[in-house]
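Chemist: start_15.txt is reproduced in full below (compact mmCIF, C-alpha atoms and all ligand atoms).
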```txt
# COMPACT_ATOMS: atom_id res chain seq x y z
CA MET O 1 0.00 0.00 0.00
CA THR O 2 1.10 3.52 -0.70
CA PRO O 3 1.55 5.48 2.49
CA LEU O 4 -0.62 8.58 2.59
CA LEU O 5 1.42 11.62 1.74
CA SER O 6 2.46 13.55 4.80
CA ARG O 7 2.14 16.71 2.74
CA ALA O 8 0.83 17.66 -0.66
CA ILE O 9 3.06 17.76 -3.73
CA PRO O 10 2.04 20.87 -5.70
CA PHE O 11 2.63 20.92 -9.43
CA PHE O 12 4.89 23.94 -8.96
CA PRO O 13 5.70 25.57 -5.59
CA TYR O 14 5.82 29.25 -6.55
CA ALA O 15 6.94 30.53 -3.14
CA GLN O 16 10.14 28.46 -3.50
CA VAL O 17 11.25 30.89 -6.22
CA PHE O 18 11.76 33.38 -3.38
CA GLN O 19 11.79 31.80 0.09
CA PRO O 20 14.95 29.63 0.14
CA GLU O 21 17.04 32.60 -1.05
CA GLU O 22 15.13 35.41 0.62
CA ASP O 23 18.14 37.08 2.27
CA ARG O 24 20.25 36.99 -0.88
CA LEU O 25 17.41 38.31 -3.06
CA VAL O 26 16.54 41.11 -0.65
CA GLY O 27 20.24 41.98 -0.63
CA ILE O 28 20.22 42.29 -4.42
CA LEU O 29 17.11 44.53 -4.25
CA ARG O 30 18.77 46.73 -1.62
CA ASP O 31 21.94 47.04 -3.69
CA VAL O 32 20.13 47.87 -6.93
CA GLY O 33 17.70 50.22 -5.19
CA ARG O 34 20.40 52.17 -3.35
CA ARG O 35 22.22 52.69 -6.65
CA GLY O 36 18.98 53.83 -8.32
CA ALA O 37 19.83 51.39 -11.13
CA PHE O 38 16.42 50.46 -12.49
CA ILE O 39 16.33 50.50 -16.31
CA LEU O 40 19.06 49.62 -18.86
CA GLN O 41 21.84 49.55 -16.27
CA GLU O 42 25.08 47.70 -15.64
CA ASP O 43 23.51 44.57 -14.10
CA LEU O 44 21.43 44.05 -17.24
CA ARG O 45 24.46 44.50 -19.52
CA ARG O 46 26.43 41.98 -17.46
CA PHE O 47 23.59 39.44 -17.50
CA GLU O 48 23.15 39.82 -21.27
CA GLU O 49 26.87 39.14 -21.78
CA ASN O 50 26.89 36.15 -19.46
CA LEU O 51 23.73 34.72 -21.02
CA ALA O 52 25.15 35.04 -24.54
CA ARG O 53 28.38 33.37 -23.40
CA PHE O 54 26.43 30.54 -21.72
CA LEU O 55 24.53 29.87 -24.95
CA GLY O 56 27.46 30.29 -27.29
CA ALA O 57 25.62 33.12 -29.06
CA ARG O 58 26.88 36.56 -30.09
CA TRP O 59 23.94 38.49 -28.67
CA ALA O 60 21.40 38.20 -25.87
CA ILE O 61 19.07 41.17 -25.37
CA GLY O 62 16.80 41.34 -22.34
CA VAL O 63 13.10 41.93 -23.08
CA ALA O 64 9.95 42.17 -20.94
CA ASN O 65 8.87 38.56 -21.63
CA ALA O 66 9.38 35.81 -24.23
CA THR O 67 6.10 36.60 -26.03
CA ASP O 68 7.37 40.11 -26.79
CA GLY O 69 10.72 38.50 -27.59
CA LEU O 70 9.19 36.30 -30.30
CA LEU O 71 7.32 39.23 -31.82
CA ILE O 72 10.47 41.35 -31.85
CA ALA O 73 12.52 38.42 -33.24
CA LEU O 74 10.04 37.95 -36.12
CA LEU O 75 10.08 41.66 -36.97
CA ALA O 76 13.87 41.96 -36.67
CA ALA O 77 14.37 38.91 -38.91
CA GLY O 78 12.26 40.57 -41.62
CA VAL O 79 9.19 38.32 -41.61
CA GLU O 80 6.75 40.10 -43.94
CA PRO O 81 3.16 41.01 -43.02
CA GLY O 82 0.74 38.69 -44.81
CA SER O 83 3.27 35.86 -45.11
CA GLU O 84 2.76 32.45 -43.48
CA VAL O 85 4.75 31.26 -40.48
CA ILE O 86 4.75 27.55 -39.65
CA PHE O 87 4.63 26.59 -35.96
CA SER O 88 3.95 23.44 -33.96
CA SER O 89 0.38 23.42 -32.59
CA HIS O 90 1.63 21.84 -29.34
CA THR O 91 2.90 25.14 -27.95
CA MET O 92 1.71 28.01 -25.83
CA VAL O 93 -0.80 30.33 -27.52
CA ALA O 94 1.92 32.99 -27.12
CA THR O 95 3.87 31.52 -30.06
CA ALA O 96 0.94 32.01 -32.42
CA ALA O 97 0.11 35.41 -30.89
CA ALA O 98 3.59 36.68 -31.73
CA ILE O 99 3.13 35.57 -35.36
CA HIS O 100 -0.32 37.22 -35.45
CA PHE O 101 0.89 40.54 -34.04
CA ALA O 102 3.83 40.54 -36.48
CA GLY O 103 1.10 40.74 -39.15
CA ALA O 104 1.80 37.21 -40.43
CA ILE O 105 -0.48 34.16 -40.68
CA PRO O 106 0.08 31.39 -38.12
CA VAL O 107 0.09 27.94 -39.78
CA PRO O 108 -0.09 25.11 -37.20
CA VAL O 109 1.53 21.75 -37.89
CA ASP O 110 1.65 18.36 -36.19
CA CYS O 111 4.21 17.12 -33.71
CA GLY O 112 6.20 13.90 -33.81
CA SER O 113 6.58 11.16 -31.21
CA ASP O 114 8.83 13.41 -29.09
CA HIS O 115 5.97 16.00 -28.93
CA LEU O 116 8.05 18.59 -30.84
CA MET O 117 7.55 19.92 -34.38
CA ASP O 118 7.61 17.14 -36.94
CA ALA O 119 10.04 18.16 -39.69
CA ALA O 120 8.12 16.29 -42.42
CA ALA O 121 4.87 17.97 -41.37
CA ALA O 122 6.59 21.36 -41.40
CA GLU O 123 8.00 20.79 -44.87
CA ALA O 124 4.60 19.61 -46.16
CA ALA O 125 3.03 22.88 -44.94
CA ILE O 126 5.36 25.12 -46.96
CA THR O 127 3.62 27.21 -49.65
CA PRO O 128 4.86 30.06 -51.88
CA ARG O 129 3.65 32.45 -49.15
CA THR O 130 5.67 30.85 -46.33
CA SER O 131 8.32 33.15 -44.87
CA ALA O 132 9.46 31.35 -41.70
CA ILE O 133 9.48 28.16 -39.64
CA LEU O 134 9.13 28.66 -35.88
CA PRO O 135 9.71 25.44 -33.90
CA THR O 136 9.04 25.38 -30.16
CA GLN O 137 11.85 23.73 -28.20
CA LEU O 138 9.32 22.14 -25.88
CA ASN O 139 9.73 20.68 -22.39
CA GLY O 140 13.47 21.40 -22.35
CA ARG O 141 14.21 19.44 -25.53
CA THR O 142 15.57 20.79 -28.81
CA ALA O 143 13.90 19.62 -32.03
CA ASP O 144 15.80 17.86 -34.83
CA MET O 145 17.47 21.02 -36.07
CA ASP O 146 19.32 19.18 -38.88
CA ALA O 147 16.02 18.40 -40.59
CA LEU O 148 14.36 21.75 -39.81
CA GLY O 149 17.47 23.75 -40.75
CA GLU O 150 17.76 21.91 -44.08
CA ALA O 151 14.08 22.44 -44.88
CA ALA O 152 14.40 26.15 -44.07
CA SER O 153 17.51 26.68 -46.16
CA ARG O 154 16.23 24.59 -49.10
CA HIS O 155 13.16 26.84 -49.31
CA GLY O 156 14.89 30.10 -48.36
CA LEU O 157 12.92 30.49 -45.13
CA VAL O 158 13.78 32.30 -41.92
CA LEU O 159 14.19 30.06 -38.87
CA ILE O 160 13.07 31.48 -35.50
CA GLU O 161 13.06 29.40 -32.30
CA ASP O 162 10.63 29.56 -29.42
CA ALA O 163 13.19 28.55 -26.79
CA ALA O 164 11.06 29.78 -23.86
CA GLN O 165 11.28 26.27 -22.31
CA ALA O 166 14.76 25.29 -23.43
CA LEU O 167 17.55 27.37 -21.88
CA GLY O 168 20.67 25.17 -21.99
CA SER O 169 19.04 22.38 -24.01
CA ARG O 170 21.28 21.19 -26.85
CA PHE O 171 21.04 19.33 -30.15
CA ARG O 172 24.37 17.89 -31.36
CA GLY O 173 26.13 20.05 -28.78
CA GLN O 174 24.56 23.33 -29.93
CA CYS O 175 22.23 25.27 -27.62
CA ALA O 176 18.56 25.85 -28.38
CA GLY O 177 18.13 29.47 -29.39
CA THR O 178 21.26 29.62 -31.57
CA PHE O 179 20.15 27.74 -34.70
CA GLY O 180 18.17 30.39 -36.56
CA ALA O 181 18.01 34.12 -37.20
CA ALA O 182 16.74 34.78 -33.68
CA ALA O 183 15.06 33.11 -30.70
CA ALA O 184 13.30 33.98 -27.46
CA VAL O 185 13.78 32.54 -23.97
CA SER O 186 11.52 33.15 -20.95
CA PHE O 187 12.32 33.94 -17.32
CA PHE O 188 8.73 33.54 -16.07
CA PRO O 189 9.01 32.24 -12.46
CA ALA O 190 8.09 28.63 -13.36
CA LYS O 191 10.48 28.48 -16.31
CA LEU O 192 13.92 26.85 -16.10
CA LEU O 193 15.65 30.08 -15.09
CA GLY O 194 12.93 32.03 -13.32
CA CYS O 195 12.91 35.60 -12.05
CA LEU O 196 10.46 37.26 -9.63
CA GLY O 197 7.96 38.25 -12.32
CA ASP O 198 7.98 38.51 -16.10
CA GLY O 199 11.19 38.55 -18.10
CA GLY O 200 12.74 37.23 -21.30
CA ALA O 201 15.57 37.59 -23.78
CA VAL O 202 16.07 37.55 -27.53
CA ILE O 203 19.07 35.57 -28.77
CA ALA O 204 20.77 36.36 -32.09
CA ASN O 205 24.07 35.74 -33.86
CA ASP O 206 23.74 38.21 -36.71
CA ASP O 207 24.83 41.75 -35.80
CA GLY O 208 22.20 43.36 -38.03
CA VAL O 209 19.37 41.34 -36.50
CA ALA O 210 20.66 42.12 -32.99
CA LYS O 211 20.77 45.84 -33.81
CA ARG O 212 17.15 45.78 -34.97
CA VAL O 213 16.12 43.83 -31.84
CA ALA O 214 17.90 46.41 -29.67
CA ALA O 215 16.04 49.24 -31.37
CA LEU O 216 12.65 47.48 -31.47
CA HIS O 217 12.68 46.70 -27.73
CA ASN O 218 13.47 50.31 -26.73
CA HIS O 219 11.26 52.76 -28.66
CA GLY O 220 13.31 52.45 -31.85
CA PHE O 221 16.43 54.04 -30.35
CA ASP O 222 19.84 53.11 -31.70
CA ALA O 223 23.00 53.14 -29.56
CA GLU O 224 23.37 56.92 -30.12
CA GLY O 225 19.81 57.63 -28.99
CA ASN O 226 18.42 58.36 -32.47
CA VAL O 227 14.99 57.02 -33.37
CA THR O 228 15.58 54.61 -36.26
CA GLY O 229 11.93 53.50 -36.70
CA TRP O 230 8.89 52.40 -34.70
CA GLY O 231 9.66 50.50 -31.52
CA PHE O 232 8.10 49.03 -28.41
CA ASN O 233 8.86 49.45 -24.73
CA SER O 234 9.83 45.88 -23.88
CA ARG O 235 12.88 45.98 -21.61
CA LEU O 236 14.05 43.53 -18.95
CA ASP O 237 14.14 45.36 -15.59
CA ASN O 238 17.65 45.83 -14.24
CA LEU O 239 16.54 44.36 -10.88
CA GLN O 240 15.30 41.16 -12.52
CA ALA O 241 18.52 41.04 -14.55
CA ALA O 242 20.61 41.31 -11.38
CA ILE O 243 18.68 38.39 -9.86
CA LEU O 244 18.96 36.38 -13.08
CA ASP O 245 22.70 37.02 -13.32
CA TYR O 246 23.11 35.63 -9.80
CA ARG O 247 20.96 32.58 -10.67
CA LEU O 248 22.70 31.93 -13.99
CA ARG O 249 25.93 31.25 -12.06
CA LYS O 250 24.24 28.28 -10.38
CA TYR O 251 22.24 27.19 -13.40
CA ASP O 252 24.34 24.16 -14.37
CA ALA O 253 23.51 22.58 -11.01
CA ALA O 254 19.79 23.24 -11.61
CA ILE O 255 19.98 21.45 -14.97
CA GLU O 256 21.81 18.53 -13.35
CA ARG O 257 19.09 18.30 -10.68
CA ARG O 258 16.34 18.17 -13.32
CA ARG O 259 18.20 15.48 -15.28
CA HIS O 260 18.64 13.51 -12.07
CA LEU O 261 14.89 13.71 -11.38
CA ALA O 262 14.15 12.60 -14.95
CA ARG O 263 16.33 9.52 -14.35
CA ALA O 264 14.45 8.88 -11.10
CA TYR O 265 11.07 9.09 -12.90
CA GLU O 266 12.41 6.82 -15.65
CA ALA O 267 13.42 4.14 -13.17
CA ALA O 268 10.25 4.46 -11.08
CA LEU O 269 7.80 4.35 -14.01
CA GLU O 270 9.63 1.86 -16.23
CA ASP O 271 7.34 -1.05 -15.40
CA LEU O 272 4.08 0.84 -16.11
CA ALA O 273 3.01 -0.16 -19.62
CA GLU O 274 0.13 2.33 -19.43
CA VAL O 275 2.53 5.28 -19.41
CA VAL O 276 4.76 6.59 -22.21
CA ARG O 277 7.73 8.45 -20.71
CA PRO O 278 9.76 11.23 -22.34
CA ALA O 279 13.24 10.28 -23.56
CA ALA O 280 15.58 9.59 -20.63
CA PRO O 281 18.57 11.93 -20.18
CA ASP O 282 21.06 9.50 -21.71
CA ALA O 283 18.77 7.87 -24.27
CA ASP O 284 20.09 9.67 -27.36
CA ALA O 285 23.54 11.18 -27.78
CA ALA O 286 22.23 13.87 -30.17
CA HIS O 287 20.00 15.41 -27.49
CA PHE O 288 20.88 17.09 -24.20
CA ASP O 289 17.46 17.65 -22.56
CA VAL O 290 16.98 19.97 -19.58
CA TYR O 291 13.44 18.90 -18.54
CA GLN O 292 11.51 22.12 -18.20
CA ASN O 293 8.61 19.66 -17.87
CA TYR O 294 8.14 15.93 -17.45
CA GLU O 295 5.46 15.29 -20.05
CA ILE O 296 4.02 11.78 -20.18
CA GLU O 297 1.29 10.07 -22.18
CA ALA O 298 -1.05 8.13 -19.95
CA GLU O 299 -3.92 5.70 -20.49
CA ARG O 300 -7.10 6.82 -18.70
CA ARG O 301 -5.41 10.17 -18.26
CA ASP O 302 -8.32 12.05 -16.68
CA GLY O 303 -8.92 9.27 -14.14
CA LEU O 304 -5.24 9.19 -13.25
CA ARG O 305 -5.19 12.95 -12.83
CA GLU O 306 -8.18 12.85 -10.47
CA PHE O 307 -6.68 9.95 -8.51
CA LEU O 308 -3.42 11.88 -8.01
CA ARG O 309 -5.29 15.06 -7.13
CA ALA O 310 -7.20 13.25 -4.39
CA ARG O 311 -3.81 12.25 -2.94
CA GLY O 312 -2.54 15.82 -2.96
CA ILE O 313 -0.37 15.43 -6.08
CA GLY O 314 -0.65 18.30 -8.54
CA THR O 315 -0.42 17.70 -12.28
CA LEU O 316 -1.13 19.95 -15.25
CA LEU O 317 -2.75 19.56 -18.66
CA PRO O 318 -0.47 21.32 -21.13
CA TRP O 319 -2.00 24.65 -22.25
CA GLY O 320 -5.18 23.86 -20.30
CA GLY O 321 -5.82 20.77 -22.44
CA GLU O 322 -6.00 22.22 -25.97
CA ALA O 323 -3.44 22.63 -28.71
CA VAL O 324 -3.39 26.02 -30.44
CA HIS O 325 -5.25 24.84 -33.57
CA GLN O 326 -8.10 23.67 -31.30
CA LEU O 327 -8.65 27.17 -29.86
CA GLN O 328 -11.79 28.26 -31.72
CA ALA O 329 -11.67 31.89 -30.56
CA LEU O 330 -8.50 32.61 -32.55
CA GLY O 331 -10.06 32.14 -35.99
CA LEU O 332 -7.08 30.18 -37.31
CA GLY O 333 -9.36 28.19 -39.63
CA SER O 334 -10.01 24.49 -39.33
CA TRP O 335 -7.04 22.20 -39.17
CA ARG O 336 -6.84 18.44 -38.62
CA LEU O 337 -3.61 17.48 -36.91
CA PRO O 338 -4.13 13.79 -36.04
CA GLU O 339 -0.95 13.20 -34.02
CA THR O 340 -1.45 16.32 -31.89
CA GLU O 341 -5.15 15.56 -31.38
CA ARG O 342 -4.37 11.98 -30.33
CA LEU O 343 -1.68 13.25 -27.98
CA PHE O 344 -3.97 15.78 -26.29
CA GLU O 345 -6.29 12.96 -25.15
CA ARG O 346 -3.37 11.40 -23.27
CA VAL O 347 -0.80 14.01 -22.35
CA LEU O 348 -0.09 15.01 -18.73
CA LEU O 349 2.62 16.99 -16.94
CA LEU O 350 3.99 15.53 -13.68
CA PRO O 351 5.74 17.77 -11.11
CA MET O 352 9.28 18.67 -12.29
CA HIS O 353 11.29 21.41 -10.59
CA VAL O 354 14.53 21.70 -8.62
CA TRP O 355 12.80 21.53 -5.21
CA LEU O 356 11.18 18.14 -5.95
CA THR O 357 12.80 15.38 -3.87
CA ASP O 358 13.65 11.81 -4.87
CA ASP O 359 11.15 10.59 -2.25
CA GLU O 360 8.41 12.66 -3.83
CA VAL O 361 9.15 11.10 -7.24
CA GLU O 362 8.84 7.68 -5.56
CA MET O 363 5.52 8.67 -3.98
CA ILE O 364 4.12 9.97 -7.26
CA ALA O 365 5.18 6.77 -9.03
CA ALA O 366 3.73 4.60 -6.25
CA SER O 367 0.37 6.38 -6.52
CA MET O 368 0.38 5.90 -10.30
CA ARG O 369 1.15 2.21 -9.87
CA GLU O 370 -1.72 1.90 -7.42
CA PHE O 371 -4.10 3.57 -9.88
CA TYR O 372 -3.20 1.21 -12.71
CA ARG O 373 -2.94 -1.93 -10.58
CA GLY O 374 -6.66 -1.82 -9.97
CA ARG O 375 -7.34 -1.00 -6.35
CA VAL O 376 -9.27 2.03 -7.49
C1 LIG A 1 6.21 30.45 -21.38
C2 LIG A 1 6.18 30.29 -22.84
C3 LIG A 1 6.07 31.37 -23.71
C4 LIG A 1 5.83 32.77 -23.21
O1 LIG A 1 6.80 33.21 -22.33
P1 LIG A 1 6.53 34.58 -21.50
O2 LIG A 1 7.89 34.97 -21.01
O3 LIG A 1 5.60 34.22 -20.40
O4 LIG A 1 5.96 35.56 -22.45
C5 LIG A 1 6.11 31.15 -25.06
N1 LIG A 1 6.27 29.92 -25.55
C6 LIG A 1 6.38 28.84 -24.77
C7 LIG A 1 6.58 27.50 -25.37
C8 LIG A 1 6.33 28.98 -23.38
O5 LIG A 1 6.41 27.90 -22.60
```
Would it be possible to restate this file's structure as structure tokens?

Modeler:
Amino acid sequence: MTPLLSRAIPFFPYAQVFQPEEDRLVGILRDVGRRGAFILQEDLRRFEENLARFLGARWAIGVANATDGLLIALLAAGVEPGSEVIFSSHTMVATAAAIHFAGAIPVPVDCGSDHLMDAAAAEAAITPRTSAILPTQLNGRTADMDALGEAASRHGLVLIEDAAQALGSRFRGQCAGTFGAAAAVSFFPAKLLGCLGDGGAVIANDDGVAKRVAALHNHGFDAEGNVTGWGFNSRLDNLQAAILDYRLRKYDAAIERRRHLARAYEAALEDLAEVVRPAAPDADAAHFDVYQNYEIEAERRDGLREFLRARGIGTLLPWGGEAVHQLQALGLGSWRLPETERLFERVLLLPMHVWLTDDEVEMIAASMREFYRGRV
């Protein structure tokens, strides 16, 4: 019998983003506040440099959030209004919103067995009006960028990455966010590298693209303070940047912790035929996954979810349970994406964050075993 949990296991414990490091974080606030260093200051510049170095990219530019970052990346990369941009329907609505607000037409495509954009589906969706392919590096995994990069270059398309969930994830040794013209990462509190509110960055290698991103995110100003065109106000606060710079120094250990927990889930769930697990950390030498999420496919998913909930274990349906092409209010037109639709009947996110303990993984797995072994 599974022992009753002595305390609940929330899907994500938001207060942990602050509480364990309260003194250090308050110290950073005091330091930044006393210097009056709030917007576009030294701490931000240092974080941008360190982030670019971490990713092996030339440029990282702090923005207000990754949704803005994607919009700015699309505009800076020259995606034309009225053109079509291909994205994976298994993503946050934010990906499609960025395409929409760039004036382009979001074209959803199916995902493959790893839940990321299927390169064949992306290629099949290319038309004479296509301008860009925008894969989402989902759940801390990087898509097959050989196939997507080849498709993009064969058809002369811009490649933009939604790397909101993939900071430090690699494909063939190269970091997510560095494969295309530009990419966005997110520092939302529950993301891999979280700050105390909203935050994001645009990543770019091309100097011209980076210059346009820098102008677009700050009212169109260039480095000399001249207005070079229309721009937004979408800056990363210097205070958040100071906190992120501190956290980036310990980020490798956070990734290692997530990979350790993924191995623990793998071992604990291995014998459950009713559950399809994500690829284990060492399953494929081409991929270095950082496990933003632990996304399973489960038989009798809704029953399992309710069973876990009754035991105090929080889970989440990705995007509230619907892929982007299923969101009727957006007017995207009617699409049939069989693999994504099949997946969304079965998909479930289990708790995955650096404060999760090995014992908690065992308890979650034990409850799942009890559900499927019929004493329900
Ligand atoms: C979180 C997320 C975003 C949006 O990030 P924000 O920083 O909250 O704007 C976009 N795409 C994906 C895949 C995400 O997970």

Chemist: Please write out the residues within 8 Å of ligand LIG 1 (chain A) as a ChimeraX atom specification, counting all atoms listed in the file.

Modeler: /O:64-70,91-95,136-139,162-165,185-188,191,198-200

Chemist: With C-alpha atoms retained, could you export that selection as an mmCIF file, in the coordinates of the input?

Modeler:
```
data_model
loop_
_atom_site.group_PDB
_atom_site.id
_atom_site.type_symbol
_atom_site.label_atom_id
_atom_site.label_comp_id
_atom_site.auth_asym_id
_atom_site.auth_seq_id
_atom_site.Cartn_x
_atom_site.Cartn_y
_atom_site.Cartn_z
ATOM 1 C CA ALA O 64 9.950 42.170 -20.940
ATOM 2 C CA ASN O 65 8.870 38.560 -21.630
ATOM 3 C CA ALA O 66 9.380 35.810 -24.230
ATOM 4 C CA THR O 67 6.100 36.600 -26.030
ATOM 5 C CA ASP O 68 7.370 40.110 -26.790
ATOM 6 C CA GLY O 69 10.720 38.500 -27.590
ATOM 7 C CA LEU O 70 9.190 36.300 -30.300
ATOM 8 C CA THR O 91 2.900 25.140 -27.950
ATOM 9 C CA MET O 92 1.710 28.010 -25.830
ATOM 10 C CA VAL O 93 -0.800 30.330 -27.520
ATOM 11 C CA ALA O 94 1.920 32.990 -27.120
ATOM 12 C CA THR O 95 3.870 31.520 -30.060
ATOM 13 C CA THR O 136 9.040 25.380 -30.160
ATOM 14 C CA GLN O 137 11.850 23.730 -28.200
ATOM 15 C CA LEU O 138 9.320 22.140 -25.880
ATOM 16 C CA ASN O 139 9.730 20.680 -22.390
ATOM 17 C CA ASP O 162 10.630 29.560 -29.420
ATOM 18 C CA ALA O 163 13.190 28.550 -26.790
ATOM 19 C CA ALA O 164 11.060 29.780 -23.860
ATOM 20 C CA GLN O 165 11.280 26.270 -22.310
ATOM 21 C CA VAL O 185 13.780 32.540 -23.970
ATOM 22 C CA SER O 186 11.520 33.150 -20.950
ATOM 23 C CA PHE O 187 12.320 33.940 -17.320
ATOM 24 C CA PHE O 188 8.730 33.540 -16.070
ATOM 25 C CA LYS O 191 10.480 28.480 -16.310
ATOM 26 C CA ASP O 198 7.980 38.510 -16.100
ATOM 27 C CA GLY O 199 11.190 38.550 -18.100
ATOM 28 C CA GLY O 200 12.740 37.230 -21.300
#
```

Chemist: Of the candidates O:Ala77, O:Leu196, O:Ala204, O:Leu248, which one gets nearest to Arg58 of chain O if we count only C-alpha atoms?

Modeler: O:Ala204

Chemist: Which residues are close to segment 4-18 of chain O, i.e. within 6 Å by all atoms listed in the file, leaving aside same-chain residues fewer than 2 positions away? Reply as an MDAnalysis selection string.

Modeler: chainID O and resid 21:22 312:315 351

Chemist: Based on the selection just made, write C-alpha atoms of those residues as a compact mmCIF listing (two decimals), keeping the file's coordinate frame.

Modeler:
```txt
# COMPACT_ATOMS: atom_id res chain seq x y z
CA GLU O 21 17.04 32.60 -1.05
CA GLU O 22 15.13 35.41 0.62
CA GLY O 312 -2.54 15.82 -2.96
CA ILE O 313 -0.37 15.43 -6.08
CA GLY O 314 -0.65 18.30 -8.54
CA THR O 315 -0.42 17.70 -12.28
CA PRO O 351 5.74 17.77 -11.11
```

Chemist: Can you tell me which residues surround Ala104 of chain O at a distance of at most 8 Å, considering all atoms listed in the file, apart from same-chain residues fewer than 2 positions away, and format the answer as a VMD selection string?

Modeler: chain O and resid 79 to 85 99 to 102 106

Chemist: With C-alpha atoms retained, could you export that selection as a PDB file, in the coordinates of the input?

Modeler:
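Output file result.pdb is given in full below:
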```pdb
ATOM      1  CA  VAL O  79       9.190  38.320 -41.610  1.00  0.00           C
ATOM      2  CA  GLU O  80       6.750  40.100 -43.940  1.00  0.00           C
ATOM      3  CA  PRO O  81       3.160  41.010 -43.020  1.00  0.00           C
ATOM      4  CA  GLY O  82       0.740  38.690 -44.810  1.00  0.00           C
ATOM      5  CA  SER O  83       3.270  35.860 -45.110  1.00  0.00           C
ATOM      6  CA  GLU O  84       2.760  32.450 -43.480  1.00  0.00           C
ATOM      7  CA  VAL O  85       4.750  31.260 -40.480  1.00  0.00           C
ATOM      8  CA  ILE O  99       3.130  35.570 -35.360  1.00  0.00           C
ATOM      9  CA  HIS O 100      -0.320  37.220 -35.450  1.00  0.00           C
ATOM     10  CA  PHE O 101       0.890  40.540 -34.040  1.00  0.00           C
ATOM     11  CA  ALA O 102       3.830  40.540 -36.480  1.00  0.00           C
ATOM     12  CA  PRO O 106       0.080  31.390 -38.120  1.00  0.00           C
TER      13      PRO O 106
END
```

Chemist: Hey, which of O:Val290, O:Leu304, O:Ala329, O:Ile126 ends up closest to Leu261 of chain O? Count only C-alpha atoms.

Modeler: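 Result for the nearest residue to Leu261 of chain O: O:Val290.
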
Chemist: Of the candidates O:Leu75, O:Val109, O:Leu29, O:Ile203, which shows the shortest atom-to-atom distance to Glu48 of chain O, using only C-alpha atoms?

Modeler: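 When distances to Glu48 of chain O are compared using only C-alpha atoms, the smallest one comes from O:Ile203.
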
Chemist: Work out how far atom CA of Ala215 of chain O is from atom CA of Gly231 of chain O, in Å to one decimal.

Modeler: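 Between atom CA of Gly231 of chain O and atom CA of Ala215 of chain O the gap works out to 6.5 Å.
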
Chemist: So which residues touch segment 115-123 of chain O within 6 Å, counting all atoms listed in the file, skipping near sequence neighbours fewer than 2 positions away, as a list in words?

Modeler: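 In the requested form, the answer reads Ser88, Cys111, Gly112, Ser113, Ala125, Ile126, Pro135 and Leu148 of chain O.
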
Chemist: For a test of reading the model, state the distance in Å between atom CA of Gly303 of chain O and atom CA of Pro108 of chain O, rounded to one decimal.

Modeler: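 Pair atom CA of Gly303 of chain O / atom CA of Pro108 of chain O returns 29.3 Å.
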
Chemist: Kindly give the distance, in Å, that separates atom CA of Val209 of chain O and atom CA of Gly197 of chain O, rounded to a single decimal.

Modeler: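 Straight-line distance from atom CA of Val209 of chain O to atom CA of Gly197 of chain O works out to 26.9 Å.
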
Chemist: For Val213 of chain O, which residue out of O:Leu40, O:Ala242, O:Leu74, O:Ala97 is the nearest one, using all atoms listed in the file?

Modeler: O:Leu74
